[in-house]
file target_0.pdb (PDB, C-alpha atoms and all ligand atoms)
MODEL        1
ATOM      1  CA  MET A 362       5.018  59.466   7.291
ATOM      2  CA  VAL A 363       8.001  57.433   6.046
ATOM      3  CA  MET A 364       6.711  54.490   8.077
ATOM      4  CA  MET A 365       3.284  54.794   6.456
ATOM      5  CA  ILE A 366       4.802  54.845   2.977
ATOM      6  CA  LEU A 367       6.905  51.788   3.821
ATOM      7  CA  MET A 368       3.832  49.940   5.125
ATOM      8  CA  LEU A 369       1.887  50.884   2.005
ATOM      9  CA  MET A 370       4.712  49.618  -0.205
ATOM     10  CA  MET A 371       4.829  46.352   1.743
ATOM     11  CA  SER A 372       1.055  45.867   1.327
ATOM     12  CA  VAL A 373       1.319  46.478  -2.396
ATOM     13  CA  LEU A 374       4.215  44.011  -2.644
ATOM     14  CA  LEU A 375       2.247  41.433  -0.663
ATOM     15  CA  LEU A 376      -0.731  41.817  -2.974
ATOM     16  CA  ALA A 377       1.475  41.597  -6.042
ATOM     17  CA  ARG A 378       3.151  38.474  -4.677
ATOM     18  CA  THR A 379      -0.173  36.780  -4.040
ATOM     19  CA  ASP A 380      -1.351  37.558  -7.544
ATOM     20  CA  ASP A 381       1.816  36.241  -9.118
ATOM     21  CA  ASP A 382       2.148  33.057  -7.134
ATOM     22  CA  PHE A 383      -1.191  31.402  -7.630
ATOM     23  CA  CYS A 384      -2.587  30.277 -10.957
ATOM     24  CA  TYR A 385      -3.895  27.195 -12.753
ATOM     25  CA  ASP A 386      -2.395  27.397 -16.213
ATOM     26  CA  GLU A 387       1.311  28.213 -16.056
ATOM     27  CA  ASP A 388       4.054  25.880 -14.874
ATOM     28  CA  HIS A 389       5.607  28.347 -12.447
ATOM     29  CA  CYS A 390       2.400  29.015 -10.503
ATOM     30  CA  ASP A 391       0.019  26.108 -11.209
ATOM     31  CA  PRO A 392      -1.257  23.776  -8.428
ATOM     32  CA  TYR A 393       1.861  21.570  -8.603
ATOM     33  CA  ALA A 394       4.004  24.654  -7.898
ATOM     34  CA  TRP A 395       1.868  26.210  -5.165
ATOM     35  CA  GLY A 396       4.091  24.623  -2.507
ATOM     36  CA  ASP A 397       7.025  26.785  -3.649
ATOM     37  CA  SER A 398       5.234  29.895  -2.459
ATOM     38  CA  TYR A 399       2.892  28.357   0.092
ATOM     39  CA  PRO A 400       4.731  25.588   2.013
ATOM     40  CA  SER A 401       1.462  24.275   3.458
ATOM     41  CA  CYS A 402       0.398  23.346  -0.099
ATOM     42  CA  HIS A 403       3.106  20.648  -0.240
ATOM     43  CA  PRO A 404       1.206  17.361   0.030
ATOM     44  CA  LEU A 405       3.308  15.530   2.602
ATOM     45  CA  LEU A 406       2.777  11.943   3.681
ATOM     46  CA  ASP A 407      -0.194  11.438   5.960
ATOM     47  CA  SER A 408      -1.450  14.917   5.271
ATOM     48  CA  HIS A 409      -5.079  15.872   4.802
ATOM     49  CA  HIS A 410      -5.200  17.544   1.435
ATOM     50  CA  SER A 411      -8.153  18.107  -0.856
ATOM     51  CA  PRO A 412      -9.670  17.342  -3.233
ATOM     52  CA  ILE A 413      -9.864  13.549  -3.197
ATOM     53  CA  ASN A 414     -11.494  10.851  -5.252
ATOM     54  CA  LEU A 415     -14.563   9.414  -3.533
ATOM     55  CA  ASP A 416     -14.491   5.711  -4.218
ATOM     56  CA  HIS A 417     -15.822   2.387  -3.036
ATOM     57  CA  HIS A 418     -13.816   2.371   0.174
ATOM     58  CA  LEU A 419     -16.313   4.611   1.901
ATOM     59  CA  MET A 420     -17.553   3.726   5.350
ATOM     60  CA  LYS A 421     -21.249   4.126   6.034
ATOM     61  CA  ASN A 422     -21.805   6.310   9.092
ATOM     62  CA  HIS A 423     -25.375   6.001  10.310
ATOM     63  CA  SER A 424     -25.039   9.013  12.598
ATOM     64  CA  LEU A 425     -24.584  11.310   9.579
ATOM     65  CA  ASP A 426     -28.093  12.561   8.973
ATOM     66  CA  SER A 427     -29.318  15.787   7.424
ATOM     67  CA  LEU A 428     -27.414  19.033   8.063
ATOM     68  CA  GLN A 429     -29.310  21.981   9.488
ATOM     69  CA  LEU A 430     -29.173  24.774   6.919
ATOM     70  CA  HIS A 431     -30.403  27.761   8.906
ATOM     71  CA  GLY A 432     -31.658  30.634   6.787
ATOM     72  CA  PHE A 433     -30.979  28.862   3.503
ATOM     73  CA  ASN A 434     -34.677  28.911   2.579
ATOM     74  CA  LEU A 435     -35.091  32.646   3.219
ATOM     75  CA  THR A 436     -34.726  35.633   0.917
ATOM     76  CA  HIS A 437     -32.430  37.899   2.901
ATOM     77  CA  LYS A 438     -32.480  41.678   2.796
ATOM     78  CA  GLY A 439     -29.699  43.793   1.346
ATOM     79  CA  GLN A 440     -27.353  42.828  -1.460
ATOM     80  CA  TRP A 441     -24.954  40.054  -2.250
ATOM     81  CA  TRP A 442     -21.824  40.648  -4.297
ATOM     82  CA  LEU A 443     -20.517  38.556  -7.158
ATOM     83  CA  THR A 444     -16.812  39.124  -7.851
ATOM     84  CA  ASN A 445     -14.296  37.808 -10.341
ATOM     85  CA  GLN A 446     -11.258  37.188  -8.144
ATOM     86  CA  GLY A 447      -9.096  35.932 -10.999
ATOM     87  CA  HIS A 448      -9.137  32.365  -9.655
ATOM     88  CA  SER A 449     -12.904  31.944  -9.456
ATOM     89  CA  VAL A 450     -16.175  33.793  -9.355
ATOM     90  CA  VAL A 451     -17.150  34.361  -5.724
ATOM     91  CA  LEU A 452     -20.564  35.254  -4.330
ATOM     92  CA  GLU A 453     -20.365  36.890  -0.897
ATOM     93  CA  VAL A 454     -23.665  36.216   0.807
ATOM     94  CA  GLY A 455     -23.617  38.451   3.887
ATOM     95  CA  ASP A 456     -25.004  37.412   7.261
ATOM     96  CA  GLY A 457     -28.006  35.327   8.154
ATOM     97  CA  MET A 458     -27.115  31.757   7.215
ATOM     98  CA  GLN A 459     -25.605  29.021   9.352
ATOM     99  CA  VAL A 460     -24.819  25.336   8.982
ATOM    100  CA  SER A 461     -24.818  22.770  11.791
ATOM    101  CA  GLY A 462     -25.696  19.145  12.561
ATOM    102  CA  GLY A 463     -24.919  16.254  10.236
ATOM    103  CA  GLY A 464     -21.912  15.340  12.363
ATOM    104  CA  LEU A 465     -20.360  18.825  12.325
ATOM    105  CA  PRO A 466     -18.813  19.664  15.734
ATOM    106  CA  ALA A 467     -20.148  23.230  15.866
ATOM    107  CA  THR A 468     -22.250  25.826  14.118
ATOM    108  CA  TYR A 469     -20.658  27.457  11.073
ATOM    109  CA  ARG A 470     -21.723  30.739   9.494
ATOM    110  CA  THR A 471     -21.954  30.909   5.726
ATOM    111  CA  PHE A 472     -19.941  33.665   4.106
ATOM    112  CA  GLN A 473     -19.338  32.898   0.430
ATOM    113  CA  LEU A 474     -19.726  30.452  -2.387
ATOM    114  CA  HIS A 475     -17.651  30.009  -5.511
ATOM    115  CA  PHE A 476     -17.199  27.705  -8.469
ATOM    116  CA  HIS A 477     -14.571  25.494 -10.078
ATOM    117  CA  TRP A 478     -15.040  24.560 -13.724
ATOM    118  CA  GLY A 479     -13.386  22.935 -16.723
ATOM    119  CA  SER A 480     -13.444  24.189 -20.284
ATOM    120  CA  VAL A 481     -15.490  23.630 -23.432
ATOM    121  CA  SER A 482     -13.715  20.301 -23.812
ATOM    122  CA  SER A 483     -12.930  19.209 -20.242
ATOM    123  CA  ASN A 484     -14.720  18.683 -16.956
ATOM    124  CA  GLY A 485     -13.589  20.684 -13.955
ATOM    125  CA  SER A 486     -15.027  19.529 -10.627
ATOM    126  CA  GLU A 487     -12.412  19.280  -7.887
ATOM    127  CA  HIS A 488     -13.628  16.079  -6.244
ATOM    128  CA  THR A 489     -14.306  13.042  -8.378
ATOM    129  CA  LEU A 490     -16.908  10.328  -7.817
ATOM    130  CA  ASP A 491     -15.277   6.993  -8.533
ATOM    131  CA  HIS A 492     -12.901   8.884 -10.865
ATOM    132  CA  LEU A 493     -15.775  10.604 -12.652
ATOM    133  CA  ARG A 494     -15.109  14.328 -12.922
ATOM    134  CA  PHE A 495     -18.165  16.540 -13.288
ATOM    135  CA  PRO A 496     -18.254  19.698 -15.426
ATOM    136  CA  MET A 497     -18.279  21.983 -12.361
ATOM    137  CA  GLU A 498     -18.259  22.039  -8.569
ATOM    138  CA  MET A 499     -19.738  24.680  -6.281
ATOM    139  CA  HIS A 500     -18.296  25.304  -2.812
ATOM    140  CA  ILE A 501     -20.326  26.968  -0.074
ATOM    141  CA  VAL A 502     -17.791  28.091   2.524
ATOM    142  CA  ASN A 503     -18.691  28.365   6.210
ATOM    143  CA  ILE A 504     -16.580  29.553   9.182
ATOM    144  CA  LYS A 505     -16.943  28.112  12.684
ATOM    145  CA  SER A 506     -19.077  30.673  14.515
ATOM    146  CA  THR A 507     -16.677  30.976  17.434
ATOM    147  CA  HIS A 508     -14.065  32.542  15.142
ATOM    148  CA  PRO A 509     -14.249  36.256  14.393
ATOM    149  CA  ASN A 510     -12.729  35.908  10.939
ATOM    150  CA  LEU A 511     -11.174  33.588   8.354
ATOM    151  CA  THR A 512      -7.630  34.117   9.645
ATOM    152  CA  SER A 513      -8.652  32.836  13.053
ATOM    153  CA  ALA A 514     -10.561  29.872  11.580
ATOM    154  CA  LEU A 515      -7.471  28.803   9.603
ATOM    155  CA  GLU A 516      -5.713  28.086  12.934
ATOM    156  CA  ASP A 517      -8.431  25.591  13.947
ATOM    157  CA  PRO A 518      -8.287  22.015  12.525
ATOM    158  CA  THR A 519     -12.075  22.109  12.104
ATOM    159  CA  GLY A 520     -12.389  25.852  11.553
ATOM    160  CA  ILE A 521     -14.050  25.638   8.117
ATOM    161  CA  ALA A 522     -16.958  23.566   6.806
ATOM    162  CA  VAL A 523     -17.443  23.491   3.037
ATOM    163  CA  LEU A 524     -20.533  22.158   1.287
ATOM    164  CA  GLY A 525     -19.512  20.827  -2.121
ATOM    165  CA  VAL A 526     -22.056  20.398  -4.893
ATOM    166  CA  PHE A 527     -21.316  18.751  -8.234
ATOM    167  CA  VAL A 528     -22.758  20.642 -11.184
ATOM    168  CA  ASP A 529     -23.634  18.648 -14.275
ATOM    169  CA  VAL A 530     -24.781  19.988 -17.630
ATOM    170  CA  THR A 531     -27.947  19.234 -19.525
ATOM    171  CA  TYR A 532     -30.090  20.934 -22.154
ATOM    172  CA  LEU A 533     -32.525  22.357 -19.598
ATOM    173  CA  HIS A 534     -32.125  25.886 -18.292
ATOM    174  CA  ASN A 535     -31.883  26.032 -14.484
ATOM    175  CA  GLU A 536     -33.915  29.024 -13.327
ATOM    176  CA  ASN A 537     -32.415  28.707  -9.828
ATOM    177  CA  PHE A 538     -29.031  29.768 -11.231
ATOM    178  CA  GLN A 539     -30.478  32.694 -13.151
ATOM    179  CA  SER A 540     -29.435  35.355 -10.612
ATOM    180  CA  ILE A 541     -25.829  34.249 -10.985
ATOM    181  CA  SER A 542     -26.064  33.574 -14.740
ATOM    182  CA  SER A 543     -27.428  37.007 -15.498
ATOM    183  CA  ALA A 544     -24.645  38.703 -13.508
ATOM    184  CA  LEU A 545     -21.707  36.757 -14.951
ATOM    185  CA  SER A 546     -21.213  39.003 -17.962
ATOM    186  CA  TYR A 547     -20.678  41.942 -15.584
ATOM    187  CA  VAL A 548     -17.764  40.170 -13.892
ATOM    188  CA  ALA A 549     -15.994  38.865 -16.981
ATOM    189  CA  TYR A 550     -12.660  40.347 -15.915
ATOM    190  CA  LYS A 551     -10.638  40.024 -12.748
ATOM    191  CA  GLY A 552     -11.581  42.576 -10.119
ATOM    192  CA  GLN A 553     -15.069  43.254 -11.454
ATOM    193  CA  THR A 554     -17.997  43.074  -9.046
ATOM    194  CA  LYS A 555     -21.767  43.052  -9.476
ATOM    195  CA  SER A 556     -24.480  43.222  -6.852
ATOM    196  CA  ILE A 557     -27.081  40.468  -6.775
ATOM    197  CA  LYS A 558     -30.467  40.454  -5.133
ATOM    198  CA  PRO A 559     -30.411  37.754  -2.440
ATOM    199  CA  PHE A 560     -32.331  34.553  -3.108
ATOM    200  CA  PRO A 561     -32.907  31.383  -1.040
ATOM    201  CA  LEU A 562     -29.532  29.664  -1.153
ATOM    202  CA  VAL A 563     -31.151  26.255  -0.831
ATOM    203  CA  ASN A 564     -32.223  26.718  -4.476
ATOM    204  CA  LEU A 565     -28.644  25.977  -5.546
ATOM    205  CA  LEU A 566     -28.520  22.657  -3.674
ATOM    206  CA  PRO A 567     -29.786  19.202  -4.709
ATOM    207  CA  GLN A 568     -32.927  19.823  -2.655
ATOM    208  CA  ASN A 569     -34.422  16.346  -2.909
ATOM    209  CA  ASN A 570     -31.202  14.594  -1.940
ATOM    210  CA  LEU A 571     -29.763  16.645   0.913
ATOM    211  CA  THR A 572     -29.372  13.632   3.204
ATOM    212  CA  GLN A 573     -27.065  11.908   0.708
ATOM    213  CA  TYR A 574     -23.497  13.119   1.125
ATOM    214  CA  TYR A 575     -19.877  12.177   1.862
ATOM    215  CA  ARG A 576     -17.801  13.539   4.719
ATOM    216  CA  TYR A 577     -14.083  13.754   5.321
ATOM    217  CA  HIS A 578     -11.433  15.980   6.853
ATOM    218  CA  GLY A 579      -9.336  17.825   4.299
ATOM    219  CA  SER A 580      -7.914  21.137   3.236
ATOM    220  CA  LEU A 581      -8.649  24.292   1.330
ATOM    221  CA  THR A 582      -8.148  23.544  -2.364
ATOM    222  CA  THR A 583      -6.517  26.921  -2.958
ATOM    223  CA  PRO A 584      -3.511  28.473  -1.208
ATOM    224  CA  PRO A 585      -2.693  28.430   1.636
ATOM    225  CA  CYS A 586      -4.196  24.879   1.415
ATOM    226  CA  SER A 587      -4.808  24.872   5.191
ATOM    227  CA  GLU A 588      -5.831  21.439   6.505
ATOM    228  CA  VAL A 589      -8.798  22.801   8.429
ATOM    229  CA  VAL A 590     -11.831  21.807   6.365
ATOM    230  CA  LEU A 591     -14.673  19.443   7.168
ATOM    231  CA  TRP A 592     -15.969  18.569   3.726
ATOM    232  CA  THR A 593     -19.560  17.663   2.936
ATOM    233  CA  ILE A 594     -19.844  16.569  -0.693
ATOM    234  CA  TYR A 595     -23.399  16.016  -1.872
ATOM    235  CA  GLU A 596     -23.785  12.810  -3.805
ATOM    236  CA  VAL A 597     -26.348  13.981  -6.353
ATOM    237  CA  PRO A 598     -25.427  16.842  -8.697
ATOM    238  CA  VAL A 599     -27.458  19.861  -9.661
ATOM    239  CA  TYR A 600     -27.908  20.600 -13.360
ATOM    240  CA  ILE A 601     -27.470  23.732 -15.444
ATOM    241  CA  SER A 602     -27.843  24.204 -19.181
ATOM    242  CA  TRP A 603     -24.992  24.185 -21.694
ATOM    243  CA  ALA A 604     -25.624  27.888 -22.255
ATOM    244  CA  GLN A 605     -25.230  28.555 -18.529
ATOM    245  CA  PHE A 606     -22.088  26.397 -18.390
ATOM    246  CA  GLU A 607     -20.573  28.202 -21.374
ATOM    247  CA  GLN A 608     -20.924  31.518 -19.545
ATOM    248  CA  PHE A 609     -18.291  30.238 -17.118
ATOM    249  CA  VAL A 610     -15.921  28.460 -19.489
ATOM    250  CA  SER A 611     -16.054  31.001 -22.318
ATOM    251  CA  GLY A 612     -16.919  34.236 -20.545
ATOM    252  CA  ILE A 613     -14.766  34.564 -17.438
ATOM    253  CA  TYR A 614     -11.160  35.799 -17.643
ATOM    254  CA  SER A 615      -8.339  35.452 -15.133
ATOM    255  CA  THR A 616      -6.971  38.754 -16.352
ATOM    256  CA  GLU A 617      -8.039  42.354 -15.871
ATOM    257  CA  GLU A 618      -9.975  44.203 -18.540
ATOM    258  CA  GLU A 619      -6.971  46.411 -19.330
ATOM    259  CA  ALA A 620      -4.514  43.533 -19.703
ATOM    260  CA  GLU A 621      -2.649  43.407 -23.013
ATOM    261  CA  ILE A 622      -3.100  39.657 -23.278
ATOM    262  CA  GLN A 623      -6.412  38.257 -22.104
ATOM    263  CA  ALA A 624      -6.601  34.762 -20.625
ATOM    264  CA  LEU A 625      -9.816  32.828 -20.130
ATOM    265  CA  LEU A 626     -10.177  31.306 -16.688
ATOM    266  CA  HIS A 627     -10.712  27.586 -17.159
ATOM    267  CA  ASP A 628      -9.800  24.298 -15.477
ATOM    268  CA  ASN A 629      -9.518  26.081 -12.129
ATOM    269  CA  TYR A 630      -9.348  22.911 -10.078
ATOM    270  CA  ARG A 631      -6.634  21.334  -7.958
ATOM    271  CA  HIS A 632      -5.433  17.793  -8.674
ATOM    272  CA  ILE A 633      -6.661  14.789  -6.670
ATOM    273  CA  HIS A 634      -4.768  13.926  -3.488
ATOM    274  CA  PRO A 635      -4.385  10.552  -1.759
ATOM    275  CA  THR A 636      -6.645   9.812   1.187
ATOM    276  CA  TYR A 637      -3.924   7.747   2.945
ATOM    277  CA  SER A 638      -5.489   6.402   6.160
ATOM    278  CA  ARG A 639      -8.184   9.047   6.349
ATOM    279  CA  PRO A 640     -11.702   7.807   6.904
ATOM    280  CA  VAL A 641     -14.162   9.010   4.287
ATOM    281  CA  TYR A 642     -17.742   8.493   5.377
ATOM    282  CA  ALA A 643     -20.972   8.084   3.490
ATOM    283  CA  SER A 644     -24.032   9.524   5.208
ATOM    284  CA  LYS A 645     -26.846   7.319   6.440
ATOM    285  CA  ASP A 646     -28.883   7.824   3.267
ATOM    286  CA  ALA A 647     -26.038   7.978   0.740
ATOM    287  CA  LYS A 648     -26.322   5.432  -2.006
ATOM    288  CA  LEU A 649     -23.146   3.471  -2.258
ATOM    289  CA  LEU A 650     -21.187   4.419  -5.280
ATOM    290  CA  THR A 651     -21.343   1.047  -6.979
ATOM    291  CA  ASN A 652     -24.974   1.843  -7.779
ATOM    292  CA  GLY A 653     -24.850   5.622  -7.891
ATOM    293  CA  VAL A 654     -22.054   6.446 -10.261
ATOM    294  CA  SER A 655     -23.028   4.237 -13.135
ATOM    295  CA  SER A 656     -26.321   6.076 -13.565
ATOM    296  CA  LEU A 657     -24.655   9.479 -13.104
ATOM    297  CA  ALA A 658     -21.951   8.641 -15.607
ATOM    298  CA  CYS A 659     -24.612   7.436 -17.993
ATOM    299  CA  PHE A 660     -26.525  10.698 -17.679
ATOM    300  CA  ASN A 661     -23.336  12.645 -18.228
ATOM    301  CA  SER A 662     -22.697  10.823 -21.500
ATOM    302  CA  VAL A 663     -26.270  11.430 -22.573
ATOM    303  CA  SER A 664     -25.787  15.144 -21.892
ATOM    304  CA  VAL A 665     -22.750  15.211 -24.139
ATOM    305  CA  ILE A 666     -24.610  13.464 -26.951
ATOM    306  CA  VAL A 667     -27.557  15.865 -26.639
ATOM    307  CA  TYR A 668     -25.154  18.783 -26.681
ATOM    308  CA  LEU A 669     -23.415  17.511 -29.796
ATOM    309  CA  LEU A 670     -26.752  17.002 -31.542
ATOM    310  CA  LEU A 671     -27.841  20.529 -30.643
ATOM    311  CA  LYS A 672     -24.576  21.921 -31.967
ATOM    312  CA  ILE A 673     -24.860  20.144 -35.300
TER     313      ILE A 673
HETATM  314 ZN    ZN B 701     -13.379  25.929  -3.871
ENDMDL
END
call {"tool": "encode", "arguments": {"input": "target_0.pdb", "output": "C-alpha cells"}}
result
Amino acid sequence: MVMMILMLMMSVLLLARTDDDFCYDEDHCDPYAWGDSYPSCHPLLDSHHSPINLDHHLMKNHSLDSLQLHGFNLTHKGQWWLTNQGHSVVLEVGDGMQVSGGGLPATYRTFQLHFHWGSVSSNGSEHTLDHLRFPMEMHIVNIKSTHPNLTSALEDPTGIAVLGVFVDVTYLHNENFQSISSALSYVAYKGQTKSIKPFPLVNLLPQNNLTQYYRYHGSLTTPPCSEVVLWTIYEVPVYISWAQFEQFVSGIYSTEEEAEIQALLHDNYRHIHPTYSRPVYASKDAKLLTNGVSSLACFNSVSVIVYLLLKI
C-alpha cells in the first residue's frame, strides 16, 4: 500500500514537472530554456534539430516522388479526439492510416496531428521558406510501424515521420477545416477534449501539390526534442480564413479553465536551428525556392491587405 502511494506521488510529481518545464512564453521554460530540463533539447554542434529554414541550398533528389498516403482518402469509422494539451491542439486520429514511399525507409502509421501558430500580429509556422514564416504549420505525426509505441520509436533515428503543412490565411473559408474549426471552442482550455467525426485526412493537405516537398532528418520540435524525425515539408500551403485563424490565436488558452490568470496560447513555435552539414532535399517535382517563394510571399502580403480592408 505504502509503495502504491509512493508510486502515485512520483507520477503526480512527474506530471507536474512536465507541465512546469515546457512553455513558449516565459523565460524560465521557453524554447531557449528547454535544455535545462530536457538535455536533448540543447542544440549541440552537428546536431539534427528542427525546425530549420528551407533556403536555396536545397539539393534536388529525383528519387523523391509522391508519398503513399494509405487510408487518407477514406472516412474512417469511430471517433477522433481533439484535445487542448496546453502546448497545442492535438487531433488523435485512431488507426487506419499509414504513410510510406517518397524515400521513407519504412511504413509509418499515423497517430495524431497538431498545429503551431502565431498571434493576431505575428506568424507562427515552425519551418520557414527562405526566411518567410507562415501564419501556421500543421504536423501530421507518424510512427514507424515496427514500433509498438512512441517511446520505442524515440529510440530509433528514423522512428518518426512528420508531414508538415504550411497554413496561410486568406478571406475564403476553408470547408475542409470545418470539423476542426467547429470543435475548437470546446477545447479552449488546457485539458479539454471534444470528439470529432472522422473525415478524409487528405482534405487537410495541399491536394494538387503533394509531389512538391522538402525532406531532411531532424528532431521533434517539442521536448524531448529527440533527433529521430524524417521531415516532409510540403512546399505549397493550404489556406484558411481569417476567422478560422483567429479561432486559434484568440480562442485557445495554455491554462486550465479554473486558472486564476488565463493565458492565451500563441506563438507556440520553436526557433530556427542551423542545418550544419545536413543535406536538405527538394523532391523531384518541387519548384526551386527562387521561383516559389516570391509568389507565396506576394500572396501573403495580399492576404494581409485584404484583411486590413475587411477590418476597416
Ligand atoms: Zn509540431
call {"tool": "residues_around", "arguments": {"input": "target_0.pdb", "residues": "range 463-467 of chain A", "least_positions_apart": "3", "cutoff": "12 Å", "atoms": "only C-alpha atoms", "output": "PyMOL selection string"}}
result
chain A and resi 422-430+459-460+470+503-508+518-524+571-578+590-593+642-646
call {"tool": "closest_residue", "arguments": {"input": "target_0.pdb", "among": "A:Ser540, A:Thr471, A:Thr444, A:Ser483", "to": "His627 in chain A", "atoms": "only C-alpha atoms"}}
result
A:Ser483
call {"tool": "closest_residue", "arguments": {"input": "target_0.pdb", "among": "A:Leu515, A:Ile557, A:Cys586, A:Val450", "to": "Gly612 in chain A", "atoms": "all atoms listed in the file"}}
result
A:Val450
call {"tool": "closest_residue", "arguments": {"input": "target_0.pdb", "among": "A:Ser411, A:Ser480, A:Thr531, A:Thr436", "to": "Ser611 in chain A", "atoms": "all atoms listed in the file"}}
result
A:Ser480
call {"tool": "closest_residue", "arguments": {"input": "target_0.pdb", "among": "A:Ala620, A:Val597, A:Leu581, A:Cys384", "to": "ligand ZN 701 (chain B)", "atoms": "only C-alpha atoms and all ligand atoms"}}
result
A:Leu581
call {"tool": "closest_residue", "arguments": {"input": "target_0.pdb", "among": "A:Lys551, A:His431, A:His500, A:Arg631", "to": "ligand ZN 701 (chain B)", "atoms": "only C-alpha atoms and all ligand atoms"}}
result
A:His500
call {"tool": "atom_distance", "arguments": {"input": "target_0.pdb", "atom1": "CA of Asp407 in chain A", "atom2": "CA of Glu588 in chain A"}}
result
11.5 Å
call {"tool": "residues_near_ligand", "arguments": {"input": "target_0.pdb", "ligand": "ligand ZN 701 (chain B)", "cutoff": "9 Å", "atoms": "only C-alpha atoms and all ligand atoms", "output": "PyMOL selection string"}}
result
chain A and resi 449+474-477+487+498-502+523+525+581-583+630
call {"tool": "closest_residue", "arguments": {"input": "target_0.pdb", "among": "A:Pro412, A:Gly579, A:Pro561, A:Gly457", "to": "Phe538 in chain A", "atoms": "only C-alpha atoms"}}
result
A:Pro561
call {"tool": "resolve_selection", "arguments": {"input": "target_0.pdb", "expression": "the PyMOL selection byres (((chain A and resi 544) around 12) and not hetatm)", "output": "CSV table (one decimal) with C-alpha atoms, in the frame of the given file"}}
result
chain,number,residue,atom,x,y,z
A,441,TRP,CA,-25.0,40.1,-2.2
A,442,TRP,CA,-21.8,40.6,-4.3
A,443,LEU,CA,-20.5,38.6,-7.2
A,444,THR,CA,-16.8,39.1,-7.9
A,445,ASN,CA,-14.3,37.8,-10.3
A,450,VAL,CA,-16.2,33.8,-9.4
A,451,VAL,CA,-17.2,34.4,-5.7
A,452,LEU,CA,-20.6,35.3,-4.3
A,538,PHE,CA,-29.0,29.8,-11.2
A,539,GLN,CA,-30.5,32.7,-13.2
A,540,SER,CA,-29.4,35.4,-10.6
A,541,ILE,CA,-25.8,34.2,-11.0
A,542,SER,CA,-26.1,33.6,-14.7
A,543,SER,CA,-27.4,37.0,-15.5
A,545,LEU,CA,-21.7,36.8,-15.0
A,546,SER,CA,-21.2,39.0,-18.0
A,547,TYR,CA,-20.7,41.9,-15.6
A,548,VAL,CA,-17.8,40.2,-13.9
A,549,ALA,CA,-16.0,38.9,-17.0
A,553,GLN,CA,-15.1,43.3,-11.5
A,554,THR,CA,-18.0,43.1,-9.0
A,555,LYS,CA,-21.8,43.1,-9.5
A,556,SER,CA,-24.5,43.2,-6.9
A,557,ILE,CA,-27.1,40.5,-6.8
A,558,LYS,CA,-30.5,40.5,-5.1
A,605,GLN,CA,-25.2,28.6,-18.5
A,608,GLN,CA,-20.9,31.5,-19.5
A,609,PHE,CA,-18.3,30.2,-17.1
A,612,GLY,CA,-16.9,34.2,-20.5
A,613,ILE,CA,-14.8,34.6,-17.4
call {"tool": "atom_distance", "arguments": {"input": "target_0.pdb", "atom1": "CA of Phe606 in chain A", "atom2": "CA of His488 in chain A"}}
result
18.0 Å
call {"tool": "residues_near_point", "arguments": {"input": "target_0.pdb", "point": "(-33.5, 27.9, -10.4)", "cutoff": "9 Å", "atoms": "all atoms listed in the file", "output": "ChimeraX atom specification"}}
result
/A:534-540,564-565,601
call {"tool": "write_last_selection", "arguments": {"input": "target_0.pdb", "atoms": "C-alpha atoms", "output": "mmCIF file, in the coordinates of the input"}}
result
data_model
loop_
_atom_site.group_PDB
_atom_site.id
_atom_site.type_symbol
_atom_site.label_atom_id
_atom_site.label_comp_id
_atom_site.auth_asym_id
_atom_site.auth_seq_id
_atom_site.Cartn_x
_atom_site.Cartn_y
_atom_site.Cartn_z
ATOM 1 C CA HIS A 534 -32.125 25.886 -18.292
ATOM 2 C CA ASN A 535 -31.883 26.032 -14.484
ATOM 3 C CA GLU A 536 -33.915 29.024 -13.327
ATOM 4 C CA ASN A 537 -32.415 28.707 -9.828
ATOM 5 C CA PHE A 538 -29.031 29.768 -11.231
ATOM 6 C CA GLN A 539 -30.478 32.694 -13.151
ATOM 7 C CA SER A 540 -29.435 35.355 -10.612
ATOM 8 C CA ASN A 564 -32.223 26.718 -4.476
ATOM 9 C CA LEU A 565 -28.644 25.977 -5.546
ATOM 10 C CA ILE A 601 -27.470 23.732 -15.444
#
call {"tool": "residues_around", "arguments": {"input": "target_0.pdb", "residues": "Gln623 in chain A", "least_positions_apart": "5", "cutoff": "10 Å", "atoms": "all atoms listed in the file", "output": "PyMOL selection string"}}
result
chain A and resi 550+614-618
call {"tool": "resolve_selection", "arguments": {"input": "target_0.pdb", "expression": "the PyMOL selection byres (((chain A and resi 482) around 12) and not hetatm)", "output": "VMD selection string"}}
result
chain A and resid 478 to 481 483 to 485 496 606 to 607 610 to 611 627 to 628 665 668 to 669
call {"tool": "resolve_selection", "arguments": {"input": "target_0.pdb", "expression": "the PyMOL selection byres (((chain A and resi 439) around 9) and not hetatm)", "output": "ChimeraX atom specification"}}
result
/A:437-438,440-441,455,558-559
call {"tool": "atom_distance", "arguments": {"input": "target_0.pdb", "atom1": "CA of His632 in chain A", "atom2": "CA of Met497 in chain A"}}
result
14.0 Å
call {"tool": "decode", "arguments": {"input": "target_0.pdb", "residues": "range 388-394 of chain A", "atoms": "N, CA and C atoms", "output": "PDB file, in the first residue's frame"}}
result
ATOM      1  N   ASP A 388      10.481  33.167 -19.670  1.00  0.00           N
ATOM      2  CA  ASP A 388      11.922  32.951 -19.807  1.00  0.00           C
ATOM      3  C   ASP A 388      12.394  31.619 -19.212  1.00  0.00           C
ATOM      4  N   HIS A 389      11.814  31.230 -18.085  1.00  0.00           N
ATOM      5  CA  HIS A 389      12.347  30.055 -17.395  1.00  0.00           C
ATOM      6  C   HIS A 389      11.957  28.731 -18.053  1.00  0.00           C
ATOM      7  N   CYS A 390      10.985  28.772 -18.981  1.00  0.00           N
ATOM      8  CA  CYS A 390      10.558  27.496 -19.576  1.00  0.00           C
ATOM      9  C   CYS A 390      10.322  27.604 -21.087  1.00  0.00           C
ATOM     10  N   ASP A 391      10.763  28.711 -21.705  1.00  0.00           N
ATOM     11  CA  ASP A 391      10.540  28.864 -23.146  1.00  0.00           C
ATOM     12  C   ASP A 391      11.545  28.015 -23.937  1.00  0.00           C
ATOM     13  N   PRO A 392      11.423  27.956 -25.277  1.00  0.00           N
ATOM     14  CA  PRO A 392      12.268  27.034 -26.056  1.00  0.00           C
ATOM     15  C   PRO A 392      13.768  27.182 -25.817  1.00  0.00           C
ATOM     16  N   TYR A 393      14.235  28.391 -25.479  1.00  0.00           N
ATOM     17  CA  TYR A 393      15.671  28.571 -25.236  1.00  0.00           C
ATOM     18  C   TYR A 393      16.085  27.954 -23.894  1.00  0.00           C
ATOM     19  N   ALA A 394      15.114  27.672 -23.036  1.00  0.00           N
ATOM     20  CA  ALA A 394      15.418  27.095 -21.720  1.00  0.00           C
ATOM     21  C   ALA A 394      15.079  25.612 -21.636  1.00  0.00           C
TER      22      ALA A 394
END
